[in-house]
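Engineer: Pasting query.cif here (mmCIF, C-alpha atoms):
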data_upload
#
loop_
_atom_site.label_atom_id
_atom_site.label_comp_id
_atom_site.auth_asym_id
_atom_site.auth_seq_id
_atom_site.Cartn_x
_atom_site.Cartn_y
_atom_site.Cartn_z
CA MET A 1296 10.75 20.26 -10.25
CA GLY A 1297 13.43 22.28 -11.92
CA THR A 1298 15.60 21.64 -14.89
CA PRO A 1299 18.92 20.56 -13.48
CA GLY A 1300 20.43 20.17 -16.89
CA MET A 1301 22.96 22.19 -18.76
CA SER A 1302 22.55 24.49 -21.69
CA ALA A 1303 23.64 23.36 -25.10
CA GLY A 1304 26.33 26.01 -25.24
CA THR A 1305 29.33 26.51 -23.03
CA GLY A 1306 28.66 30.06 -21.86
CA GLU A 1307 26.67 31.24 -18.88
CA LEU A 1308 22.94 31.87 -19.10
CA LYS A 1309 21.60 35.42 -18.97
CA ARG A 1310 20.11 36.74 -15.71
CA HIS A 1311 16.78 38.12 -16.91
CA LEU A 1312 14.27 36.72 -14.38
CA GLY A 1313 12.98 38.93 -11.57
CA MET A 1314 10.99 38.18 -8.42
CA SER A 1315 7.56 37.97 -10.11
CA ASP A 1316 8.97 35.77 -12.90
CA ALA A 1317 10.49 33.39 -10.36
CA VAL A 1318 7.22 33.14 -8.41
CA VAL A 1319 5.20 32.46 -11.58
CA ILE A 1320 7.64 29.76 -12.67
CA GLY A 1321 7.33 28.15 -9.25
CA LEU A 1322 3.53 28.29 -9.42
CA GLY A 1323 3.56 26.86 -12.92
CA SER A 1324 5.66 23.97 -11.67
CA MET A 1325 3.44 23.21 -8.67
CA ILE A 1326 -0.13 24.30 -9.40
CA GLY A 1327 -0.68 21.82 -12.14
CA ALA A 1328 -1.69 18.26 -12.68
CA GLY A 1329 -0.58 17.04 -9.26
CA VAL A 1330 -3.71 18.28 -7.52
CA PHE A 1331 -5.87 16.62 -10.18
CA ALA A 1332 -4.03 13.29 -9.87
CA ALA A 1333 -2.90 12.80 -6.27
CA LEU A 1334 -6.03 13.48 -4.20
CA ALA A 1335 -7.81 10.19 -4.92
CA PRO A 1336 -4.83 7.88 -4.24
CA ALA A 1337 -4.09 9.85 -1.06
CA ALA A 1338 -7.72 9.52 0.09
CA ARG A 1339 -7.53 5.76 -0.42
CA ALA A 1340 -4.53 5.68 1.91
CA ALA A 1341 -5.56 8.19 4.60
CA GLY A 1342 -9.35 8.17 4.50
CA SER A 1343 -10.64 10.99 6.70
CA GLY A 1344 -7.03 11.90 7.61
CA LEU A 1345 -6.40 13.34 4.16
CA LEU A 1346 -5.98 16.94 5.34
CA ILE A 1347 -3.42 15.87 7.94
CA GLY A 1348 -1.49 14.16 5.16
CA LEU A 1349 -1.64 17.36 3.12
CA ALA A 1350 -0.27 19.37 6.06
CA LEU A 1351 2.61 16.92 6.55
CA ALA A 1352 3.46 17.00 2.85
CA ALA A 1353 3.47 20.81 2.98
CA LEU A 1354 5.77 20.83 6.04
CA VAL A 1355 8.31 18.57 4.36
CA ALA A 1356 8.01 20.61 1.16
CA TYR A 1357 8.70 23.81 3.13
CA CYS A 1358 11.88 22.36 4.63
CA ASN A 1359 13.02 21.11 1.24
CA ALA A 1360 12.23 24.44 -0.39
CA THR A 1361 14.11 26.40 2.28
CA SER A 1362 17.19 24.18 2.03
CA SER A 1363 17.10 24.30 -1.77
CA ALA A 1364 16.75 28.08 -1.80
CA ARG A 1365 19.76 28.59 0.49
CA LEU A 1366 21.82 26.17 -1.59
CA ALA A 1367 20.79 27.88 -4.83
CA ALA A 1368 21.87 31.24 -3.43
CA ARG A 1369 25.22 29.68 -2.56
CA HIS A 1370 25.59 27.81 -5.89
CA PRO A 1371 23.71 29.93 -8.47
CA ARG A 1372 24.23 27.49 -11.33
CA SER A 1373 21.97 25.18 -13.28
CA GLY A 1374 22.03 21.70 -11.84
CA GLY A 1375 19.91 21.67 -8.67
CA THR A 1376 20.79 19.08 -6.04
CA TYR A 1377 22.97 17.30 -8.58
CA VAL A 1378 25.32 20.28 -8.14
CA TYR A 1379 24.61 20.94 -4.44
CA GLY A 1380 25.30 17.37 -3.40
CA ARG A 1381 28.50 17.22 -5.43
CA GLU A 1382 29.79 20.53 -4.07
CA GLN A 1383 28.79 20.01 -0.42
CA LEU A 1384 28.91 16.24 0.09
CA GLY A 1385 31.07 14.83 -2.69
CA ASP A 1386 30.72 13.32 -6.14
CA PHE A 1387 28.75 10.24 -5.09
CA MET A 1388 26.00 12.14 -3.29
CA GLY A 1389 25.65 14.50 -6.25
CA TYR A 1390 25.38 11.51 -8.56
CA LEU A 1391 22.85 9.82 -6.27
CA ALA A 1392 20.69 12.96 -6.27
CA GLY A 1393 20.87 13.21 -10.05
CA TRP A 1394 20.04 9.53 -10.47
CA ALA A 1395 17.08 9.80 -8.07
CA PHE A 1396 15.86 12.84 -9.99
CA VAL A 1397 16.05 11.09 -13.35
CA VAL A 1398 14.22 7.95 -12.24
CA GLY A 1399 11.69 9.81 -10.10
CA LYS A 1400 10.85 12.43 -12.67
CA THR A 1401 10.69 9.88 -15.46
CA ALA A 1402 7.89 8.28 -13.45
CA SER A 1403 6.37 11.76 -12.99
CA CYS A 1404 6.27 12.11 -16.77
CA ALA A 1405 4.31 8.88 -17.01
CA ALA A 1406 1.95 10.03 -14.26
CA MET A 1407 1.27 13.31 -16.05
CA ALA A 1408 0.66 11.49 -19.33
CA LEU A 1409 -1.77 9.13 -17.60
CA THR A 1410 -3.52 12.13 -16.04
CA VAL A 1411 -4.11 13.55 -19.51
CA GLY A 1412 -5.54 10.23 -20.61
CA THR A 1413 -7.70 9.77 -17.51
CA TYR A 1414 -9.36 13.17 -17.82
CA THR A 1415 -9.76 13.24 -21.61
CA TRP A 1416 -10.64 9.63 -22.50
CA PRO A 1417 -10.90 7.42 -19.39
CA GLY A 1418 -11.58 4.26 -21.40
CA ARG A 1419 -8.38 4.70 -23.41
CA ALA A 1420 -6.17 6.44 -20.85
CA HIS A 1421 -3.03 4.43 -21.64
CA ALA A 1422 -3.32 4.91 -25.40
CA VAL A 1423 -3.85 8.66 -25.01
CA ALA A 1424 -0.92 8.84 -22.58
CA VAL A 1425 1.46 7.19 -25.04
CA ALA A 1426 0.27 9.45 -27.88
CA VAL A 1427 0.82 12.58 -25.77
CA VAL A 1428 4.35 11.44 -24.86
CA VAL A 1429 5.21 10.85 -28.51
CA VAL A 1430 3.87 14.26 -29.57
CA LEU A 1431 5.62 16.21 -26.80
CA THR A 1432 8.90 14.36 -27.35
CA ALA A 1433 8.71 15.39 -31.01
CA VAL A 1434 7.97 18.99 -29.99
CA ASN A 1435 10.96 19.05 -27.63
CA TYR A 1436 13.17 17.42 -30.27
CA ALA A 1437 12.40 20.30 -32.62
CA GLY A 1438 13.57 22.74 -29.98
CA VAL A 1439 10.18 24.22 -29.06
CA GLN A 1440 10.11 25.06 -25.34
CA LYS A 1441 7.65 26.66 -22.97
CA SER A 1442 8.28 30.35 -22.64
CA ALA A 1443 7.39 32.53 -19.66
CA TRP A 1444 4.15 33.75 -21.22
CA VAL A 1445 3.01 30.17 -21.88
CA THR A 1446 3.67 29.34 -18.23
CA ARG A 1447 1.65 32.35 -17.15
CA GLY A 1448 -1.19 31.27 -19.44
CA ILE A 1449 -1.26 27.74 -18.03
CA VAL A 1450 -1.20 29.03 -14.44
CA THR A 1451 -4.09 31.37 -15.22
CA VAL A 1452 -6.19 28.61 -16.80
CA VAL A 1453 -5.55 26.14 -13.98
CA LEU A 1454 -6.22 28.68 -11.22
CA ALA A 1455 -9.50 29.65 -12.91
CA VAL A 1456 -10.57 26.00 -13.11
CA LEU A 1457 -9.63 25.30 -9.48
CA ALA A 1458 -11.44 28.45 -8.33
CA SER A 1459 -14.56 27.26 -10.18
CA VAL A 1460 -14.36 23.85 -8.49
CA VAL A 1461 -14.02 25.39 -5.02
CA THR A 1462 -16.84 27.88 -5.62
CA VAL A 1463 -19.28 25.29 -6.97
CA CYS A 1464 -18.52 22.72 -4.28
CA LEU A 1465 -18.66 25.09 -1.32
CA ALA A 1466 -21.79 26.83 -2.62
CA ASP A 1467 -23.60 23.51 -2.93
CA GLY A 1468 -26.15 23.05 -0.19
CA GLN A 1469 -25.47 19.30 -0.16
CA GLY A 1470 -21.90 19.74 1.05
CA ARG A 1471 -21.43 18.46 4.58
CA ALA A 1472 -18.81 19.93 6.90
CA ALA A 1473 -18.97 16.74 8.99
CA ARG A 1474 -17.11 14.98 6.19
CA LEU A 1475 -14.00 16.86 7.30
CA ASP A 1476 -14.06 15.13 10.71
CA ILE A 1477 -11.24 12.67 11.37
CA GLY A 1478 -12.59 9.17 11.98
CA THR A 1479 -11.17 5.84 13.09
CA ASP A 1480 -10.25 4.99 9.50
CA ALA A 1481 -7.33 7.46 9.70
CA THR A 1482 -4.20 5.59 10.79
CA VAL A 1483 -0.66 6.86 11.25
CA ALA A 1484 0.62 4.63 8.46
CA GLY A 1485 -2.19 5.71 6.15
CA VAL A 1486 -1.67 9.41 6.82
CA LEU A 1487 2.09 9.11 6.23
CA GLN A 1488 1.47 7.23 2.99
CA ALA A 1489 -0.98 9.91 1.90
CA ALA A 1490 1.57 12.60 2.70
CA GLY A 1491 4.12 10.81 0.53
CA LEU A 1492 1.64 10.61 -2.35
CA LEU A 1493 0.54 14.24 -1.91
CA PHE A 1494 4.17 15.35 -1.93
CA PHE A 1495 3.97 14.58 -5.65
CA ALA A 1496 1.63 17.58 -6.01
CA PHE A 1497 4.17 19.93 -4.39
CA ALA A 1498 7.25 18.77 -6.28
CA GLY A 1499 8.19 21.67 -8.54
CA TYR A 1500 9.09 24.53 -6.22
CA ALA A 1501 12.78 23.77 -6.72
CA ARG A 1502 12.55 24.85 -10.34
CA ILE A 1503 13.05 28.38 -8.98
CA ALA A 1504 16.24 27.23 -7.27
CA THR A 1505 17.58 25.44 -10.32
CA LEU A 1506 17.26 28.61 -12.39
CA GLY A 1507 20.11 30.10 -10.39
CA GLU A 1508 22.02 31.19 -13.50
CA GLU A 1509 19.02 33.05 -14.92
CA VAL A 1510 17.70 34.96 -11.87
CA ARG A 1511 18.73 38.51 -11.12
CA ASP A 1512 20.31 38.88 -7.65
CA PRO A 1513 19.81 35.15 -6.87
CA GLY A 1514 21.08 35.46 -3.29
CA ARG A 1515 18.09 37.68 -2.48
CA THR A 1516 15.46 36.72 -5.07
CA ILE A 1517 15.46 32.92 -4.71
CA PRO A 1518 15.05 32.71 -0.90
CA ARG A 1519 12.10 35.13 -1.19
CA ALA A 1520 10.40 33.62 -4.24
CA VAL A 1521 10.40 29.99 -3.07
CA PRO A 1522 8.31 30.41 0.13
CA VAL A 1523 5.91 32.82 -1.62
CA ALA A 1524 5.20 30.32 -4.40
CA LEU A 1525 4.94 27.44 -1.93
CA GLY A 1526 2.57 29.38 0.34
CA ILE A 1527 0.23 30.27 -2.53
CA THR A 1528 0.23 26.66 -3.70
CA LEU A 1529 -0.58 25.33 -0.22
CA ALA A 1530 -3.51 27.73 0.13
CA VAL A 1531 -4.90 26.66 -3.24
CA TYR A 1532 -4.47 22.95 -2.51
CA ALA A 1533 -6.06 23.25 0.93
CA ALA A 1534 -9.11 25.01 -0.52
CA VAL A 1535 -9.49 22.38 -3.26
CA ALA A 1536 -9.07 19.47 -0.82
CA VAL A 1537 -11.67 20.88 1.57
CA ALA A 1538 -14.14 21.57 -1.25
CA VAL A 1539 -13.81 18.09 -2.73
CA LEU A 1540 -13.99 16.38 0.68
CA VAL A 1541 -17.19 18.11 1.77
CA THR A 1542 -18.77 17.21 -1.57
CA LEU A 1543 -17.66 13.61 -2.07
CA GLY A 1544 -16.54 12.56 1.39
CA PRO A 1545 -13.34 10.51 1.90
CA GLU A 1546 -14.96 7.32 0.57
CA GLY A 1547 -16.36 8.94 -2.56
CA LEU A 1548 -13.07 10.72 -3.22
CA ALA A 1549 -11.14 7.47 -2.90
CA ARG A 1550 -13.38 5.69 -5.42
CA THR A 1551 -13.21 8.14 -8.32
CA ALA A 1552 -10.56 8.38 -11.03
CA ASP A 1553 -11.24 12.06 -11.83
CA PRO A 1554 -12.14 13.57 -8.42
CA LEU A 1555 -12.48 17.24 -9.37
CA ALA A 1556 -14.74 16.56 -12.32
CA GLU A 1557 -16.82 14.18 -10.20
CA ALA A 1558 -17.05 16.78 -7.42
CA VAL A 1559 -18.60 19.44 -9.64
CA ARG A 1560 -21.01 16.88 -11.07
CA VAL A 1561 -22.18 15.83 -7.60
CA ALA A 1562 -22.37 19.50 -6.57
CA GLY A 1563 -25.00 20.06 -9.26
CA ALA A 1564 -22.91 21.59 -12.04
CA PRO A 1565 -22.39 18.72 -14.52
CA GLY A 1566 -21.87 21.24 -17.31
CA LEU A 1567 -18.65 22.33 -15.61
CA ALA A 1568 -17.18 18.80 -15.61
CA PRO A 1569 -15.86 19.01 -19.22
CA VAL A 1570 -14.18 22.32 -18.36
CA VAL A 1571 -12.50 20.72 -15.35
CA ARG A 1572 -11.32 17.82 -17.48
CA LEU A 1573 -9.93 20.26 -20.04
CA GLY A 1574 -8.16 22.20 -17.29
CA ALA A 1575 -6.62 18.99 -15.96
CA ALA A 1576 -5.46 18.04 -19.44
CA VAL A 1577 -3.91 21.49 -20.01
CA ALA A 1578 -2.16 21.38 -16.63
CA ALA A 1579 -0.86 17.85 -17.15
CA THR A 1580 0.31 18.59 -20.69
CA GLY A 1581 2.20 21.69 -19.54
CA SER A 1582 3.77 19.78 -16.65
CA LEU A 1583 4.72 16.89 -18.92
CA LEU A 1584 6.37 19.21 -21.43
CA ALA A 1585 8.47 20.81 -18.69
CA LEU A 1586 9.28 17.46 -17.08
CA ILE A 1587 10.57 15.94 -20.31
CA LEU A 1588 12.74 19.01 -20.79
CA GLY A 1589 14.07 18.73 -17.24
CA VAL A 1590 14.78 15.00 -17.25
CA SER A 1591 16.45 15.07 -20.66
CA ARG A 1592 18.74 17.91 -19.64
CA THR A 1593 19.68 16.22 -16.37
CA THR A 1594 20.40 13.12 -18.43
CA LEU A 1595 22.58 15.27 -20.70
CA ALA A 1596 24.50 16.69 -17.73
CA MET A 1597 25.08 13.27 -16.17
CA ALA A 1598 26.08 11.81 -19.54
CA ARG A 1599 28.62 14.61 -19.99
CA ASP A 1600 30.10 13.62 -16.63
CA ARG A 1601 29.92 9.96 -17.75
CA HIS A 1602 27.53 9.03 -14.95
CA LEU A 1603 25.21 7.85 -17.72
CA PRO A 1604 26.19 6.47 -21.17
CA HIS A 1605 28.23 9.17 -22.88
CA VAL A 1606 26.35 8.61 -26.14
CA LEU A 1607 23.42 10.47 -24.56
CA ALA A 1608 25.52 13.65 -24.28
CA ALA A 1609 25.06 14.56 -27.95
CA VAL A 1610 23.48 17.91 -28.89
CA HIS A 1611 21.66 18.21 -32.22
CA PRO A 1612 23.65 20.50 -34.56
CA ARG A 1613 20.52 22.12 -35.99
CA PHE A 1614 17.93 22.12 -33.21
CA GLU A 1615 20.50 22.56 -30.40
CA VAL A 1616 18.74 20.11 -28.07
CA PRO A 1617 19.99 16.93 -26.34
CA HIS A 1618 18.19 14.84 -28.94
CA ARG A 1619 19.46 11.41 -27.93
CA ALA A 1620 18.65 12.04 -24.28
CA GLU A 1621 15.18 13.29 -25.22
CA LEU A 1622 14.49 10.23 -27.39
CA ALA A 1623 15.72 7.89 -24.65
CA VAL A 1624 13.60 9.60 -21.99
CA GLY A 1625 10.57 9.67 -24.31
CA ALA A 1626 10.90 5.94 -25.03
CA VAL A 1627 11.09 5.00 -21.34
CA VAL A 1628 8.16 7.27 -20.44
CA ALA A 1629 6.05 5.84 -23.28
CA VAL A 1630 6.64 2.29 -22.00
CA LEU A 1631 5.69 3.31 -18.45
CA ALA A 1632 2.61 5.18 -19.66
CA ALA A 1633 1.48 2.09 -21.59
CA THR A 1634 1.91 -0.36 -18.73
CA ALA A 1635 1.79 1.33 -15.32
CA ASP A 1636 -1.15 2.57 -13.23
CA LEU A 1637 -1.47 6.14 -11.99
CA ARG A 1638 -1.12 5.36 -8.27
CA GLY A 1639 1.97 3.24 -8.90
CA THR A 1640 3.72 5.90 -10.97
CA ILE A 1641 2.92 8.60 -8.41
CA GLY A 1642 4.34 6.45 -5.60
CA PHE A 1643 7.49 5.54 -7.51
CA SER A 1644 7.99 9.17 -8.53
CA SER A 1645 7.55 10.39 -4.97
CA PHE A 1646 10.14 7.89 -3.71
CA GLY A 1647 12.80 9.09 -6.13
CA VAL A 1648 12.07 12.78 -5.56
CA LEU A 1649 12.05 12.37 -1.77
CA VAL A 1650 15.50 10.76 -1.95
CA TYR A 1651 16.61 13.70 -4.10
CA TYR A 1652 15.46 16.20 -1.47
CA ALA A 1653 16.97 14.20 1.37
CA VAL A 1654 20.32 14.87 -0.30
CA ALA A 1655 19.40 18.56 -0.62
CA ASN A 1656 18.68 18.82 3.11
CA ALA A 1657 21.87 16.97 4.01
CA SER A 1658 23.76 19.40 1.76
CA ALA A 1659 22.14 22.40 3.44
CA TRP A 1660 23.25 21.07 6.84
CA THR A 1661 26.89 21.47 5.77
CA LEU A 1662 26.54 25.19 4.96
CA THR A 1663 28.15 27.62 7.37
CA PRO A 1664 26.26 30.61 8.83
CA ALA A 1665 28.27 32.88 6.52
CA GLU A 1666 27.09 30.79 3.56
CA GLY A 1667 23.43 31.30 4.47
CA ARG A 1668 22.78 28.07 6.36
CA PRO A 1669 19.09 27.72 7.30
CA PRO A 1670 18.11 27.15 10.95
CA ARG A 1671 19.39 23.71 11.97
CA ILE A 1672 15.87 22.36 12.52
CA VAL A 1673 15.03 22.86 8.83
CA PRO A 1674 17.47 20.36 7.28
CA ILE A 1675 16.92 17.97 10.20
CA LEU A 1676 13.15 17.92 9.73
CA GLY A 1677 13.58 17.91 5.96
CA THR A 1678 15.90 14.90 5.88
CA ALA A 1679 13.88 12.94 8.44
CA GLY A 1680 10.61 13.87 6.75
CA CYS A 1681 11.80 12.87 3.29
CA LEU A 1682 13.05 9.46 4.43
CA THR A 1683 9.96 8.82 6.55
CA LEU A 1684 7.53 9.66 3.75
CA ALA A 1685 9.59 7.73 1.20
CA PHE A 1686 9.40 4.49 3.18
CA ALA A 1687 5.75 5.05 4.12
CA LEU A 1688 4.71 4.88 0.45
CA PRO A 1689 2.94 1.79 -0.92
CA LEU A 1690 5.20 -1.28 -0.55
CA ALA A 1691 5.55 -1.82 -4.29
CA SER A 1692 6.72 1.79 -4.75
CA VAL A 1693 9.25 1.42 -1.93
CA LEU A 1694 10.63 -1.87 -3.23
CA TRP A 1695 10.93 -0.73 -6.84
CA GLY A 1696 12.25 2.68 -5.83
CA ALA A 1697 14.87 1.27 -3.46
CA ALA A 1698 15.93 -1.31 -6.04
CA VAL A 1699 16.46 1.34 -8.70
CA ILE A 1700 18.40 3.61 -6.31
CA VAL A 1701 20.61 0.69 -5.22
CA ALA A 1702 21.14 -0.26 -8.87
CA GLY A 1703 22.29 3.29 -9.54
CA ALA A 1704 24.70 3.18 -6.60
CA VAL A 1705 26.12 -0.17 -7.75
CA THR A 1706 26.57 1.19 -11.27
CA TYR A 1707 28.47 4.16 -9.85
CA GLY A 1708 30.75 1.84 -7.86
CA LEU A 1709 31.45 -0.39 -10.84
CA ARG A 1710 32.18 2.59 -13.05
CA ARG A 1711 34.69 3.93 -10.54
CA ALA A 1712 36.26 0.50 -10.07
CA VAL A 1713 36.85 -0.18 -13.77
CA PRO A 1714 39.67 1.98 -15.20
CA ARG A 1715 38.72 4.01 -18.24
CA SER A 1716 40.41 2.99 -21.44
#
Could you render the structure from this file as structure tokens?
Structural biologist:
Amino acid sequence: MGTPGMSAGTGELKRHLGMSDAVVIGLGSMIGAGVFAALAPAARAAGSGLLIGLALAALVAYCNATSSARLAARHPRSGGTYVYGREQLGDFMGYLAGWAFVVGKTASCAAMALTVGTYTWPGRAHAVAVAVVVVLTAVNYAGVQKSAWVTRGIVTVVLAVLASVVTVCLADGQGRAARLDIGTDATVAGVLQAAGLLFFAFAGYARIATLGEEVRDPGRTIPRAVPVALGITLAVYAAVAVAVLVTLGPEGLARTADPLAEAVRVAGAPGLAPVVRLGAAVAATGSLLALILGVSRTTLAMARDRHLPHVLAAVHPRFEVPHRAELAVGAVVAVLAATADLRGTIGFSSFGVLVYYAVANASAWTLTPAEGRPPRIVPILGTAGCLTLAFALPLASVLWGAAVIVAGAVTYGLRRAVPRS
């Protein structure tokens, strides 16, 4: 996901990112902890239909990415769908998108923290998760942010780990291609639920779009960079899913908490398991750092517009960061990381982010051909796909997600109804 926040200053950001930079940023946002965390919950839902769920998630992600890219070219400003919805559909839809982003990505932060804990110290996953949140919140508070070279480094490490997993699993003589067959355990509801959970692993491509103020020639660069990054990510995810499935089978994949590490162990390379766990921890830590930055800056932007408590709009005079927003986000994430389970946080996160992208697709529908409107089928499939996958998620995720979205809408209505003093 991108960083739909605003800079601490009042001026415009510099346009210094080219095509390769944009693609790397997109890869760094997608090829990360999601693939380490989402495969097992998705396998529990879809069984042998896991790959179909992956394909559906990719299709919806493509529609969302295309709509977001066209909107970013039209509105090359920081803010993402918070801006697109406001400009194309009105203030309420922009607010709803921003609210869905904040709640969904706050849950994503907890999921990434739990992923770090699960892969580094399974017996103390919640404690490790809380500690990681506290440390990274302190790092962000001091104004230390990921730079482009750090992103490139993380992408390189994660790709190397995933390539090792695929190589070991597919080279293992015990792998069975028959485990890819679709059996009677694959139901429509299960596949749709799996697609909604796997969508969590794709969320991130829009970071390219939300960097509209910092990309050179955004009208040309963004629409090209988004599908390239998404295509590379899909190819990597498909290879990993196939490799893990032929090694563990759908049942074995569904039972394990750290599927990639378990896959290399079963494939006869137990010495590689610690490397895989380290790679997962690096990926999740990098994703968590970026997510906290993104959520806190969206919180800042919404607080400035008084959609959230205005006290959160403060910027630290020394560190030049939205310190109150960062502390508030860090506190909420720490509570979630201490109490929630990984599958629940992934489902809740996916619900909020799918609502966010439904607004993006609806916004893209309103573009004119002269404004770069995508083919009509794209926003139609994107909106329908987002809503379908959102309500196919586990019931608890749907109920909690819908309740939080409704609470946000009610808060908006009350705020508009009560005159400001």
Engineer: Please determine, counting only C-alpha atoms, which residue among A:Ser1658, A:Ser1692, A:Thr1410, A:Ser1403 has the shortest atom-to-atom distance to A:Phe1646.
Structural biologist: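 Checking each candidate against A:Phe1646, we get A:Ser1692 as the closest.
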Engineer: Given the point (-22.7, 19.7, -9.3) in the file's coordinates, find the residues that have an atom at most 10 Å from it, counting only C-alpha atoms, and give them as a PyMOL selection string.
Structural biologist: chain A and resi 1460+1463-1464+1466-1467+1469+1542+1556-1568
Engineer: Write a file of the selected residues as a PDB file, in the coordinates of the input, keeping C-alpha atoms.
Structural biologist:
ATOM      1  CA  VAL A1460     -14.360  23.850  -8.490  1.00  0.00           C
ATOM      2  CA  VAL A1463     -19.280  25.290  -6.970  1.00  0.00           C
ATOM      3  CA  CYS A1464     -18.520  22.720  -4.280  1.00  0.00           C
ATOM      4  CA  ALA A1466     -21.790  26.830  -2.620  1.00  0.00           C
ATOM      5  CA  ASP A1467     -23.600  23.510  -2.930  1.00  0.00           C
ATOM      6  CA  GLN A1469     -25.470  19.300  -0.160  1.00  0.00           C
ATOM      7  CA  THR A1542     -18.770  17.210  -1.570  1.00  0.00           C
ATOM      8  CA  ALA A1556     -14.740  16.560 -12.320  1.00  0.00           C
ATOM      9  CA  GLU A1557     -16.820  14.180 -10.200  1.00  0.00           C
ATOM     10  CA  ALA A1558     -17.050  16.780  -7.420  1.00  0.00           C
ATOM     11  CA  VAL A1559     -18.600  19.440  -9.640  1.00  0.00           C
ATOM     12  CA  ARG A1560     -21.010  16.880 -11.070  1.00  0.00           C
ATOM     13  CA  VAL A1561     -22.180  15.830  -7.600  1.00  0.00           C
ATOM     14  CA  ALA A1562     -22.370  19.500  -6.570  1.00  0.00           C
ATOM     15  CA  GLY A1563     -25.000  20.060  -9.260  1.00  0.00           C
ATOM     16  CA  ALA A1564     -22.910  21.590 -12.040  1.00  0.00           C
ATOM     17  CA  PRO A1565     -22.390  18.720 -14.520  1.00  0.00           C
ATOM     18  CA  GLY A1566     -21.870  21.240 -17.310  1.00  0.00           C
ATOM     19  CA  LEU A1567     -18.650  22.330 -15.610  1.00  0.00           C
ATOM     20  CA  ALA A1568     -17.180  18.800 -15.610  1.00  0.00           C
TER      21      ALA A1568
END
Engineer: Give me the residues within 7 Å of A:Ser1645 as a list in words, counting all atoms listed in the file and dropping any in the same chain fewer than 5 places off.
Structural biologist: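 Once the nearby chain positions are removed, what remains is Gly1399, Gly1491, Leu1492, Phe1494 and Phe1495 of chain A.
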Engineer: Would you compute the distance between atom CA of A:Val1693 and atom CA of A:Thr1551? Give it in Å to one decimal.
Structural biologist: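 Atom CA of A:Val1693 sits 24.3 Å away from atom CA of A:Thr1551.
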Engineer: Care to translate the PyMOL selection byres ((chain A and resi 1331) around 9) into actual residues of this file, as a list in words?
Structural biologist: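 For this structure, the PyMOL selection byres ((chain A and resi 1331) around 9) resolves to Gly1327, Ala1328, Gly1329, Val1330, Ala1332, Ala1333, Leu1334, Ala1335, Thr1410, Ala1496, Asp1553, Pro1554, Leu1555, Ala1575, Ala1578 and Ala1579 of chain A.
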